[in-house]
Each structure stands twice: as C-alpha cells, then as structure tokens.
$ cat input.cif   # mmCIF, C-alpha atoms
data_coords
#
loop_
_atom_site.label_atom_id
_atom_site.label_comp_id
_atom_site.auth_asym_id
_atom_site.auth_seq_id
_atom_site.Cartn_x
_atom_site.Cartn_y
_atom_site.Cartn_z
CA MET Y 1 -42.64 16.31 0.76
CA HIS Y 2 -39.59 15.48 2.86
CA ASN Y 3 -40.50 15.36 6.51
CA ILE Y 4 -37.31 16.70 8.04
CA ASP Y 5 -38.21 15.74 11.62
CA ASP Y 6 -38.93 12.14 10.60
CA ASP Y 7 -35.60 11.98 8.79
CA PHE Y 8 -33.76 13.39 11.78
CA LYS Y 9 -35.37 10.83 14.10
CA LEU Y 10 -34.39 8.01 11.77
CA ILE Y 11 -30.82 9.30 11.53
CA LYS Y 12 -30.53 9.46 15.32
CA SER Y 13 -31.99 5.95 15.65
CA PHE Y 14 -29.45 4.65 13.14
CA ILE Y 15 -26.58 6.39 14.92
CA ASN Y 16 -27.79 4.72 18.13
CA GLY Y 17 -27.52 1.32 16.48
CA ASP Y 18 -30.88 0.74 14.78
CA GLU Y 19 -29.96 -0.59 11.33
CA SER Y 20 -33.60 -0.71 10.21
CA ALA Y 21 -33.75 3.11 10.50
CA PHE Y 22 -31.11 3.30 7.77
CA ASN Y 23 -33.20 1.01 5.56
CA GLN Y 24 -36.22 3.27 6.01
CA LEU Y 25 -34.22 6.32 5.04
CA ILE Y 26 -32.88 4.63 1.93
CA TYR Y 27 -36.28 3.29 0.86
CA LYS Y 28 -37.47 6.85 1.00
CA TYR Y 29 -34.75 8.34 -1.18
CA GLN Y 30 -33.28 5.54 -3.30
CA GLU Y 31 -35.38 6.29 -6.36
CA ARG Y 32 -34.41 9.98 -6.37
CA ILE Y 33 -30.77 9.03 -5.96
CA TYR Y 34 -31.10 6.65 -8.89
CA TRP Y 35 -32.78 9.14 -11.20
CA HIS Y 36 -30.33 11.93 -10.53
CA ALA Y 37 -27.43 9.56 -11.20
CA ARG Y 38 -29.17 8.21 -14.30
CA ARG Y 39 -29.84 11.65 -15.77
CA MET Y 40 -26.27 12.67 -15.09
CA THR Y 41 -24.71 9.53 -16.60
CA GLY Y 42 -27.32 8.70 -19.23
CA ASN Y 43 -27.55 4.96 -18.60
CA HIS Y 44 -28.79 2.40 -16.11
CA LEU Y 45 -25.57 0.50 -15.36
CA ASP Y 46 -23.60 3.60 -14.42
CA ALA Y 47 -26.52 4.92 -12.38
CA ASP Y 48 -26.80 1.62 -10.51
CA GLU Y 49 -23.10 1.72 -9.66
CA ILE Y 50 -23.41 5.28 -8.40
CA VAL Y 51 -26.44 4.37 -6.25
CA GLN Y 52 -24.42 1.65 -4.50
CA GLU Y 53 -21.51 4.07 -3.97
CA VAL Y 54 -23.84 6.75 -2.59
CA LEU Y 55 -25.44 4.33 -0.13
CA LEU Y 56 -22.01 3.33 1.12
CA VAL Y 57 -21.02 6.97 1.58
CA ILE Y 58 -24.25 7.73 3.42
CA TYR Y 59 -23.78 4.67 5.65
CA ASN Y 60 -20.22 5.63 6.55
CA LYS Y 61 -20.68 9.40 6.83
CA ILE Y 62 -24.12 9.74 8.38
CA LYS Y 63 -22.55 10.15 11.82
CA SER Y 64 -20.98 13.37 10.57
CA PHE Y 65 -24.37 14.73 9.41
CA GLU Y 66 -24.78 18.05 11.24
CA PHE Y 67 -28.60 18.44 11.02
CA LYS Y 68 -28.13 21.91 9.51
CA SER Y 69 -29.66 21.16 6.12
CA SER Y 70 -32.38 18.65 5.24
CA PHE Y 71 -31.25 15.05 4.89
CA TYR Y 72 -32.44 15.08 1.28
CA THR Y 73 -30.22 18.08 0.43
CA TRP Y 74 -27.29 16.27 2.01
CA VAL Y 75 -28.01 13.06 0.08
CA TYR Y 76 -28.58 15.00 -3.11
CA ALA Y 77 -25.22 16.76 -2.73
CA ILE Y 78 -23.47 13.41 -2.21
CA THR Y 79 -25.22 11.94 -5.25
CA ASN Y 80 -24.32 14.91 -7.40
CA THR Y 81 -20.67 14.85 -6.35
CA ARG Y 82 -20.41 11.09 -6.86
CA SER Y 83 -22.03 11.37 -10.28
CA ILE Y 84 -19.58 14.07 -11.38
CA ASN Y 85 -16.62 12.04 -10.07
CA TYR Y 86 -17.94 8.99 -11.87
CA LEU Y 87 -18.24 10.96 -15.12
CA LYS Y 88 -14.66 12.16 -14.76
CA LYS Y 89 -13.44 8.58 -14.25
CA ARG Y 90 -15.54 7.43 -17.19
CA SER Y 91 -14.12 10.08 -19.50
CA VAL Y 92 -10.58 9.08 -18.49
CA LYS Y 93 -11.40 5.42 -19.19
CA ARG Y 94 -12.87 6.35 -22.54
CA PHE Y 95 -9.84 8.45 -23.37
CA PHE Y 96 -7.62 5.43 -22.80
CA SER Y 97 -10.23 3.21 -24.56
CA LEU Y 98 -10.77 1.08 -21.45
CA GLU Y 99 -14.53 1.46 -21.79
CA GLU Y 100 -16.80 1.26 -24.79
CA THR Y 101 -17.89 4.67 -26.03
CA GLU Y 102 -21.35 3.66 -27.21
CA ASN Y 103 -24.29 3.97 -24.88
CA LYS Y 104 -24.94 1.20 -22.41
CA LEU Y 105 -28.47 0.28 -23.38
CA ASP Y 106 -29.02 -2.49 -20.87
CA ASP Y 107 -31.90 -1.16 -18.79
CA ASN Y 108 -32.29 -4.48 -17.03
CA ASN Y 109 -36.03 -4.07 -17.77
CA ILE Y 110 -36.40 -1.37 -15.15
CA ILE Y 111 -38.68 0.60 -17.48
CA LEU Y 112 -41.36 -1.55 -19.05
CA ASN Y 113 -43.32 1.06 -21.00
CA LEU Y 114 -41.86 1.31 -24.50
CA GLU Y 115 -42.97 4.90 -25.14
CA GLN Y 116 -41.49 6.02 -21.84
CA LYS Y 117 -38.31 4.17 -22.71
CA GLN Y 118 -38.01 6.03 -26.03
CA GLN Y 119 -38.72 9.39 -24.47
CA LEU Y 120 -36.17 8.72 -21.76
CA GLN Y 121 -33.57 7.78 -24.34
CA LEU Y 122 -34.27 10.96 -26.27
CA ILE Y 123 -33.77 13.28 -23.31
CA GLU Y 124 -30.79 11.26 -22.03
CA ASN Y 125 -29.04 11.55 -25.38
CA ALA Y 126 -29.63 15.29 -25.42
CA LEU Y 127 -28.44 15.70 -21.82
CA GLN Y 128 -25.24 13.81 -22.54
CA LYS Y 129 -24.38 16.40 -25.18
CA LEU Y 130 -24.36 19.16 -22.58
CA PRO Y 131 -21.31 20.10 -20.52
CA VAL Y 132 -21.59 18.62 -17.01
CA LYS Y 133 -22.15 21.97 -15.27
CA GLN Y 134 -24.98 22.89 -17.61
CA ARG Y 135 -26.44 19.39 -17.35
CA GLU Y 136 -26.60 19.39 -13.55
CA VAL Y 137 -28.33 22.79 -13.41
CA PHE Y 138 -30.81 21.71 -16.06
CA ILE Y 139 -31.64 18.52 -14.15
CA MET Y 140 -31.93 20.28 -10.80
CA ARG Y 141 -34.16 23.01 -12.23
CA ASN Y 142 -36.46 20.84 -14.32
CA TYR Y 143 -36.54 17.46 -12.63
CA ASP Y 144 -35.97 18.32 -8.98
CA GLU Y 145 -37.65 21.73 -9.19
CA MET Y 146 -34.94 23.40 -7.17
CA SER Y 147 -34.49 27.14 -6.86
CA TYR Y 148 -31.21 28.71 -7.91
CA GLU Y 149 -30.44 29.32 -4.23
CA GLU Y 150 -30.85 25.61 -3.42
CA ILE Y 151 -28.70 24.65 -6.40
CA SER Y 152 -26.11 27.17 -5.28
CA GLU Y 153 -26.06 25.53 -1.82
CA ILE Y 154 -25.40 22.12 -3.35
CA THR Y 155 -22.97 23.05 -6.11
CA GLY Y 156 -21.23 25.95 -4.39
CA ARG Y 157 -21.57 28.10 -7.51
CA ALA Y 158 -22.96 31.65 -7.60
CA VAL Y 159 -26.60 32.16 -8.58
CA GLY Y 160 -25.61 34.36 -11.54
CA THR Y 161 -23.32 31.63 -12.88
CA LEU Y 162 -26.06 29.05 -12.47
CA LYS Y 163 -28.55 31.22 -14.39
CA ALA Y 164 -26.07 31.61 -17.23
CA ASN Y 165 -25.44 27.84 -17.24
CA TYR Y 166 -29.17 27.15 -17.32
CA PHE Y 167 -29.77 29.63 -20.16
CA HIS Y 168 -27.18 27.90 -22.34
CA ALA Y 169 -28.44 24.46 -21.31
CA ILE Y 170 -32.08 25.00 -22.14
CA ASN Y 171 -31.36 26.62 -25.50
CA LYS Y 172 -29.14 23.73 -26.51
CA ILE Y 173 -31.59 21.10 -25.26
CA LYS Y 174 -34.48 22.77 -27.09
CA GLU Y 175 -32.49 22.64 -30.27
CA LEU Y 176 -31.40 19.02 -29.78
CA VAL Y 177 -34.80 17.71 -28.76
CA GLY Y 178 -36.66 19.86 -31.33
CA ASN Y 179 -34.60 18.35 -34.12
CA GLU Y 180 -35.31 14.81 -32.89
CA ILE Y 181 -39.07 15.06 -32.39
CA MET A 1 -42.24 42.18 -28.24
CA LYS A 2 -39.62 39.47 -27.72
CA TYR A 3 -40.84 36.47 -25.73
CA ASN A 4 -38.56 34.21 -23.72
CA ASP A 5 -38.86 30.87 -21.91
CA GLU A 6 -40.24 32.54 -18.80
CA ASP A 7 -43.09 34.02 -20.85
CA PHE A 8 -43.73 30.61 -22.44
CA GLU A 9 -43.78 29.07 -18.97
CA ASN A 10 -46.22 31.72 -17.71
CA TYR A 11 -48.45 31.19 -20.75
CA LEU A 12 -48.51 27.40 -20.27
CA ASN A 13 -49.17 27.73 -16.52
CA GLY A 14 -51.94 30.31 -17.09
CA LYS A 15 -49.97 32.97 -15.24
CA MET A 16 -49.62 35.38 -18.18
CA PRO A 17 -51.72 38.58 -17.80
CA GLU A 18 -54.81 38.59 -20.10
CA ILE A 19 -53.72 41.52 -22.31
CA GLN A 20 -50.27 40.04 -22.83
CA LYS A 21 -51.83 36.64 -23.51
CA ILE A 22 -54.00 38.03 -26.36
CA GLU A 23 -50.97 39.74 -27.92
CA PHE A 24 -48.90 36.59 -27.55
CA GLU A 25 -51.54 34.40 -29.25
CA LYS A 26 -51.84 36.88 -32.14
CA LEU A 27 -48.10 36.84 -32.63
CA LEU A 28 -48.01 33.04 -32.47
CA ILE A 29 -50.27 32.97 -35.54
CA SER A 30 -48.37 35.63 -37.46
CA SER A 31 -44.76 34.76 -36.54
CA SER A 32 -43.52 31.35 -37.62
CA GLU A 33 -40.27 31.98 -35.77
CA LEU A 34 -42.07 32.52 -32.45
CA LYS A 35 -44.35 29.54 -33.09
CA ASN A 36 -41.37 27.33 -33.84
CA ASP A 37 -39.61 28.48 -30.67
CA PHE A 38 -42.72 28.03 -28.56
CA ASP A 39 -43.42 24.54 -29.98
CA ARG A 40 -39.91 23.44 -29.13
CA TYR A 41 -40.26 24.70 -25.62
CA LYS A 42 -43.66 23.02 -25.22
CA LYS A 43 -42.36 19.69 -26.51
CA LEU A 44 -39.35 19.85 -24.22
CA LYS A 45 -41.61 20.54 -21.25
CA GLU A 46 -43.83 17.61 -22.19
CA LEU A 47 -40.80 15.39 -22.53
CA ILE A 48 -39.55 16.45 -19.12
CA THR A 49 -42.96 15.92 -17.51
CA ASN A 50 -43.32 12.46 -19.07
CA THR A 51 -39.85 11.28 -18.14
CA LYS A 52 -40.11 12.76 -14.67
CA SER A 53 -43.08 10.56 -13.87
CA ILE A 54 -41.34 7.30 -14.79
CA ARG A 55 -41.20 5.01 -11.77
CA LEU A 56 -38.62 2.33 -11.28
CA ASN A 57 -39.63 -1.28 -11.72
CA GLU A 58 -40.31 -2.78 -8.26
CA ASP A 59 -38.16 -5.83 -9.13
CA TYR A 60 -35.16 -3.55 -9.48
CA SER A 61 -35.83 -1.04 -6.70
CA SER A 62 -36.33 -3.81 -4.15
CA THR A 63 -32.83 -5.13 -4.90
CA ILE A 64 -31.01 -1.84 -4.28
CA LEU A 65 -30.88 -2.08 -0.50
CA TYR A 66 -30.54 -5.87 -0.53
CA ARG A 67 -27.43 -5.66 -2.74
CA PHE A 68 -26.04 -2.84 -0.65
CA ARG A 69 -26.38 -4.93 2.53
CA ASN A 70 -24.68 -7.87 0.81
CA ASN A 71 -21.85 -5.65 -0.39
CA LEU A 72 -21.47 -4.24 3.10
CA GLN A 73 -21.32 -7.75 4.57
CA ASP A 74 -18.72 -8.84 2.00
CA ASP A 75 -16.77 -5.69 2.74
CA LYS A 76 -16.69 -6.50 6.45
CA LYS A 77 -15.56 -10.08 5.73
CA VAL A 78 -12.82 -8.94 3.40
CA LYS A 79 -11.62 -6.09 5.61
CA PRO A 80 -9.70 -8.15 8.23
CA PHE A 81 -7.88 -10.03 5.47
CA TYR A 82 -7.36 -6.77 3.71
CA ASN A 83 -5.85 -5.34 6.90
CA ILE A 84 -3.58 -8.36 7.36
CA GLY A 85 -2.60 -8.16 3.71
CA ALA A 86 -1.93 -4.45 4.04
CA PHE A 87 0.18 -5.05 7.18
CA ALA A 88 2.17 -7.83 5.49
CA THR A 89 2.71 -5.64 2.44
CA ALA A 90 3.87 -2.78 4.66
CA VAL A 91 6.34 -5.02 6.53
CA ALA A 92 7.63 -6.51 3.27
CA SER A 93 8.03 -3.02 1.81
CA ILE A 94 9.96 -1.80 4.85
CA MET A 95 12.26 -4.84 4.74
CA LEU A 96 12.82 -4.46 1.03
CA GLY A 97 13.54 -0.78 1.53
CA PHE A 98 16.00 -1.58 4.32
CA ILE A 99 17.82 -4.21 2.23
CA LEU A 100 18.00 -1.89 -0.76
CA THR A 101 19.24 0.99 1.38
CA VAL A 102 21.93 -1.15 2.95
CA ASN A 103 23.03 -2.61 -0.37
CA LEU A 104 22.88 0.51 -2.43
CA PHE A 105 24.03 3.23 -0.03
CA ILE A 106 25.51 2.05 3.26
CA LYS A 107 27.57 -0.79 1.75
CA ASN A 108 28.87 1.59 -0.86
CA ASP A 109 29.89 3.99 1.90
CA ILE A 110 31.73 1.20 3.75
CA ASP A 111 33.46 0.20 0.54
CA LYS A 112 34.33 3.81 -0.12
CA ASN A 113 35.72 4.17 3.42
CA SER A 114 37.85 1.05 3.07
CA ASP A 115 39.00 2.30 -0.32
CA PHE A 116 39.91 5.61 1.25
CA GLN A 117 41.76 3.83 4.04
CA SER A 118 43.77 1.77 1.61
CA ILE A 119 44.46 4.88 -0.45
CA ILE A 120 45.57 6.76 2.67
CA GLU A 121 47.77 3.83 3.78
CA ASN A 122 49.33 3.56 0.36
CA GLU A 123 49.85 7.26 0.19
CA LYS A 124 51.37 7.29 3.66
CA ASP A 125 53.79 4.54 2.65
CA SER A 126 54.68 6.33 -0.51
CA ILE A 127 55.28 9.57 1.42
CA ILE A 128 57.39 7.75 3.98
CA ASN A 129 59.38 5.99 1.31
CA SER A 130 59.74 9.07 -0.77
CA PHE A 131 63.18 10.51 -0.29
CA ASP A 132 62.33 13.20 -2.76
CA ILE A 133 60.11 14.91 -0.25
CA THR A 134 62.70 14.92 2.55
CA ASP A 135 65.35 15.96 0.05
CA ARG A 136 63.15 18.81 -1.08
CA LEU A 137 62.44 19.80 2.51
CA ILE A 138 66.13 19.84 3.33
CA SER A 139 67.07 21.73 0.22
CA ASN A 140 64.50 24.43 1.03
CA ALA A 141 65.36 24.65 4.73
CA ASP A 142 67.73 27.21 6.26
CA SER A 143 70.81 26.23 8.25
CA GLU A 144 69.10 26.58 11.65
CA SER A 145 66.31 24.23 10.61
CA ILE A 146 68.84 21.76 9.24
CA GLN A 147 70.65 21.80 12.58
CA LYS A 148 67.39 21.08 14.37
CA ILE A 149 66.57 18.27 12.02
CA ASP A 150 70.05 16.87 12.51
CA SER A 151 69.75 17.03 16.27
CA VAL A 152 66.37 15.23 16.18
CA TYR A 153 67.80 12.59 13.90
CA ASN A 154 70.85 12.22 16.16
CA ASP A 155 68.69 11.81 19.26
CA LEU A 156 66.57 9.22 17.55
CA LEU A 157 69.65 7.45 16.29
CA PHE A 158 71.26 7.29 19.76
CA GLN A 159 68.06 6.12 21.33
CA ASN A 160 67.86 3.31 18.82
CA ILE A 161 71.51 2.40 19.33
CA ASN A 162 71.10 2.39 23.14
CA ALA A 163 67.96 0.32 22.92
CA GLU A 164 69.73 -2.10 20.67
CA SER A 165 72.84 -2.29 22.86
CA ASP A 166 70.67 -2.82 25.98
CA LEU A 167 68.88 -5.58 24.25
CA ASN A 168 72.22 -7.15 23.20
CA ASN A 169 73.47 -6.93 26.77
CA PHE A 170 70.32 -8.54 28.06
CA TYR A 171 70.60 -11.43 25.60
CA ALA A 172 74.31 -11.81 26.46
CA VAL A 173 73.66 -11.87 30.21
CA THR A 174 70.74 -14.32 30.03
CA SER A 175 72.67 -16.60 27.68
CA ASP A 176 75.59 -16.46 30.13
CA ILE A 177 73.32 -17.32 33.02
CA GLU A 178 71.88 -20.22 31.11
CA ASN A 179 75.38 -21.46 30.34
CA ILE A 180 76.71 -21.07 33.92
CA ASP A 181 77.20 -24.27 35.94
CA LEU A 182 75.74 -23.19 39.27
CA GLU A 183 77.23 -26.18 41.12
CA GLN A 184 80.68 -24.65 40.73
CA PHE A 185 79.80 -21.77 43.05
CA ILE A 186 77.06 -23.05 45.34
CA SER A 187 76.25 -26.29 47.14
CA ASP A 188 73.18 -28.44 46.50
CA GLU A 189 71.84 -27.70 49.96
CA LYS A 190 72.14 -23.99 49.35
CA ILE A 191 70.26 -24.32 46.05
CA ASP A 192 67.49 -26.29 47.75
CA GLN A 193 67.29 -23.63 50.44
CA ILE A 194 67.02 -20.82 47.85
CA TYR A 195 64.30 -22.68 45.94
CA ALA A 196 62.43 -23.33 49.17
CA GLN A 197 62.57 -19.59 50.04
CA LEU A 198 61.46 -18.66 46.54
CA MET A 199 58.46 -21.06 46.73
CA GLU A 200 57.35 -19.54 50.03
CA LYS A 201 57.72 -16.02 48.68
CA GLU A 202 54.48 -14.35 47.63
CA PHE A 203 54.69 -12.32 44.51
#

$ encode --input "input.cif" --output "structure tokens"
Amino acid sequence: MHNIDDDFKLIKSFINGDESAFNQLIYKYQERIYWHARRMTGNHLDADEIVQEVLLVIYNKIKSFEFKSSFYTWVYAITNTRSINYLKKRSVKRFFSLEETENKLDDNNIILNLEQKQQLQLIENALQKLPVKQREVFIMRNYDEMSYEEISEITGRAVGTLKANYFHAINKIKELVGNEI
Amino acid sequence: MKYNDEDFENYLNGKMPEIQKIEFEKLLISSSELKNDFDRYKKLKELITNTKSIRLNEDYSSTILYRFRNNLQDDKKVKPFYNIGAFATAVASIMLGFILTVNLFIKNDIDKNSDFQSIIENEKDSIINSFDITDRLISNADSESIQKIDSVYNDLLFQNINAESDLNNFYAVTSDIENIDLEQFISDEKIDQIYAQLMEKEF
C-alpha cells in the first residue's frame, strides 16, 4: 500500500533539492490527509485549512524525518496533531463567539454524489458529538484500519486506554447513527 | 450467550465458527434486543464503508498542491519585509524601553539624590547654626572636655586673628609702597638700572 522505499527515495531527493519529489509525495498522501482532517473537524473548510498547514509543516520539517517509521505514519501523526490543535483553537473561538457555531456546509462541490453527501453528513454529525480522544480512535480504527499498537505509536496513549476509548466511541456512534437512519 | 461487536464483525466477515453461527442466527430471530443491536452495527459498518470510498473531486484535489506552492511563494516574498518589520519593531521597542526606564527610574533617582543633597545641606546648615546642640554638648560635658573645647576654640581664634593681622599688615605695607615717592630716595638712573636688571632676570 505505502511503498516505504519509494517514499524514502523521494524524501532524500527532496532534501537534495528536487522540489518535484515533494510534489510526488504530496500527491500520494494529500487525499488521506484531507479525509483525516475532515473526519476530525466535520467540515470541508476546516479540513482544507488543516491540509495547507500540514503541507507547510511537512515541507519545513521533512529534513528532520529520521526514517525510523514509515513516511505515512509520520504524516498521519502530523495531521492528527494539527487537527486536534485546530479543534482546540476552534472551541476557544466558539467560546468567545468569534466563529459561528453551526456547521460549515460549504463543500465547494468536492463531493458530487448526493447520497454520499448525505451519508457523509450523517457520520460527520455523529463523530462531532464524540469527545476528541474517542473520535480519533474511532476514525483510525474504522477508516484507516490501524491496529491499536499503530494508534498507540501515533497518539502516545496506552493500548488499554485506546480500547476503552474505542468501546465508548462505537457504542455512542451506534446509538447516534441508529437513531438517525 | 451475550454477543458483542467482535462477534458481529466475525459473523459479517464469515469468520464465525459454524456452530456458533447457527446459534447466533437462531437468537437473532428470537431476540429483538440482539437483532436491534446487530442491525445498528451493520448499518454503521455500511455507513463507514460507503463514506470511506468517497473520492475527492479532481477539481479540488488538483488545487491543493498548487495553492500550497502559491502560499509558500507568498510567504517567501513577505518574509524579508516581515524580518525588516520585526527588526524595526525590536529597535523601536528597545528605544521606548530605554526612554521609559530613564524617565521613570533613573531620572527619579537623580531627583531623589539632588533632593537628598539639598536636605543634607539644609540639615548641615541648621546643625551648624543651631546653638542648642553646642549648648547641650557643653552642658553635658565634664570639665576636662570643656577645657579641651576651650583650647581648640582658642587656637582657632588666635589663628584667625593672626591671619587677619597678617593680611592687615600686608595691605598696609603695599598701600605704603604704592604711596611712596621713589624719586625721594633713588635717582632716575638707578631706577632705570634696576628695571633693566629685572627685565634681564629669568623667573
């Protein structure tokens, strides 16, 4: 799925001055970055802002990449951290009423299928009702098919804690989605 | 038997053992609670599968990198001005800080020092002019101390009188010299000779 050697070659090329290598890396992972940010924030505009932030972080920090984990794990960790930071900022803004509390529905026509759009809205609404820690485990388990060990590596939380978070998350989501369908 | 999400997952993926599967299906028919729970799980899984497969519109995804490159370019253009601005702000802040420090603290200290000096001077004058203090000192002193004080005062008094008399003598002598008609005692030639010797003399 993620060819680690190819990624490592591209990273080295970029570090040696080949800007197109960076483009290739981003083309490969931009959609996954977007979707993780979107599921965490629940709307397109916030996700788009996070994507741009994440690309900037990758661009500036890639020289410090230590080739110990896969590039995707590294990017995923950055995206997750940025998303959580963004959510914190957003909640502060909402607390001081600097940002509208209703959902930002402007999808900028990125999803054309109406049924898909409705389904996405349904799951996004349910996800937004979960605490952030439960939400991230739920997304990583179900959408990115990560093991608890991989999630633990990214979040720095113990496997037992993650299992407990997931248990609460899935029960709540089942209830929320079941009532909607 | 109580079934959980893992059992539901195994059933849906065909991983549940055959005997357990038959029991589970029987219970699904008889237990509305289990059926309700299982249906919710199944619907959630379908929802996840459907939303997982959504692909981004090409019109949007193609702009992600393009916008990033533009932002990066703008960032690089702005950065030098930002640096200059930051430097100017830093210099202005330091100057402002310096001015405030001087005005609020150092100047106050100078003022305080000058105030102290004037207070000290005034106090000194008042002490000097205060006869009460010397009177008190004398009244508390023993006879030996009074004798010493007297002798110091006497010495000082004589010194002043001598200095004054010397000065009077000096003025008297110089005024006499000025008033003396030298021609009564010495000839013009002698005067010229003295002046000539004085002019040649190196001091």

$ closest_residue --input "input.cif" --among "Y:Asn171, Y:Asn43, Y:Gln30, Y:Gln128" --to "Leu56 (chain A)" --atoms "only C-alpha atoms"
Y:Gln30

$ resolve_selection --input "input.cif" --expression "the PyMOL selection byres ((chain A) within 7 of (chain Y))" --output "list in words"
Arg40, Tyr41, Leu44, Leu47, Thr51, Lys52, Leu56, Asn57, Tyr60 and Phe68 of chain A

$ atom_distance --input "input.cif" --atom1 "CA of Thr41 (chain Y)" --atom2 "CA of Arg141 (chain Y)"
17.0 Å

$ closest_residue --input "input.cif" --among "A:Asn4, A:Asn122, A:Ser151, A:Asn71" --to "Asp37 (chain A)" --atoms "all atoms listed in the file"
A:Asn4

$ atom_distance --input "input.cif" --atom1 "CA of Asp5 (chain Y)" --atom2 "CA of Val137 (chain Y)"
27.8 Å
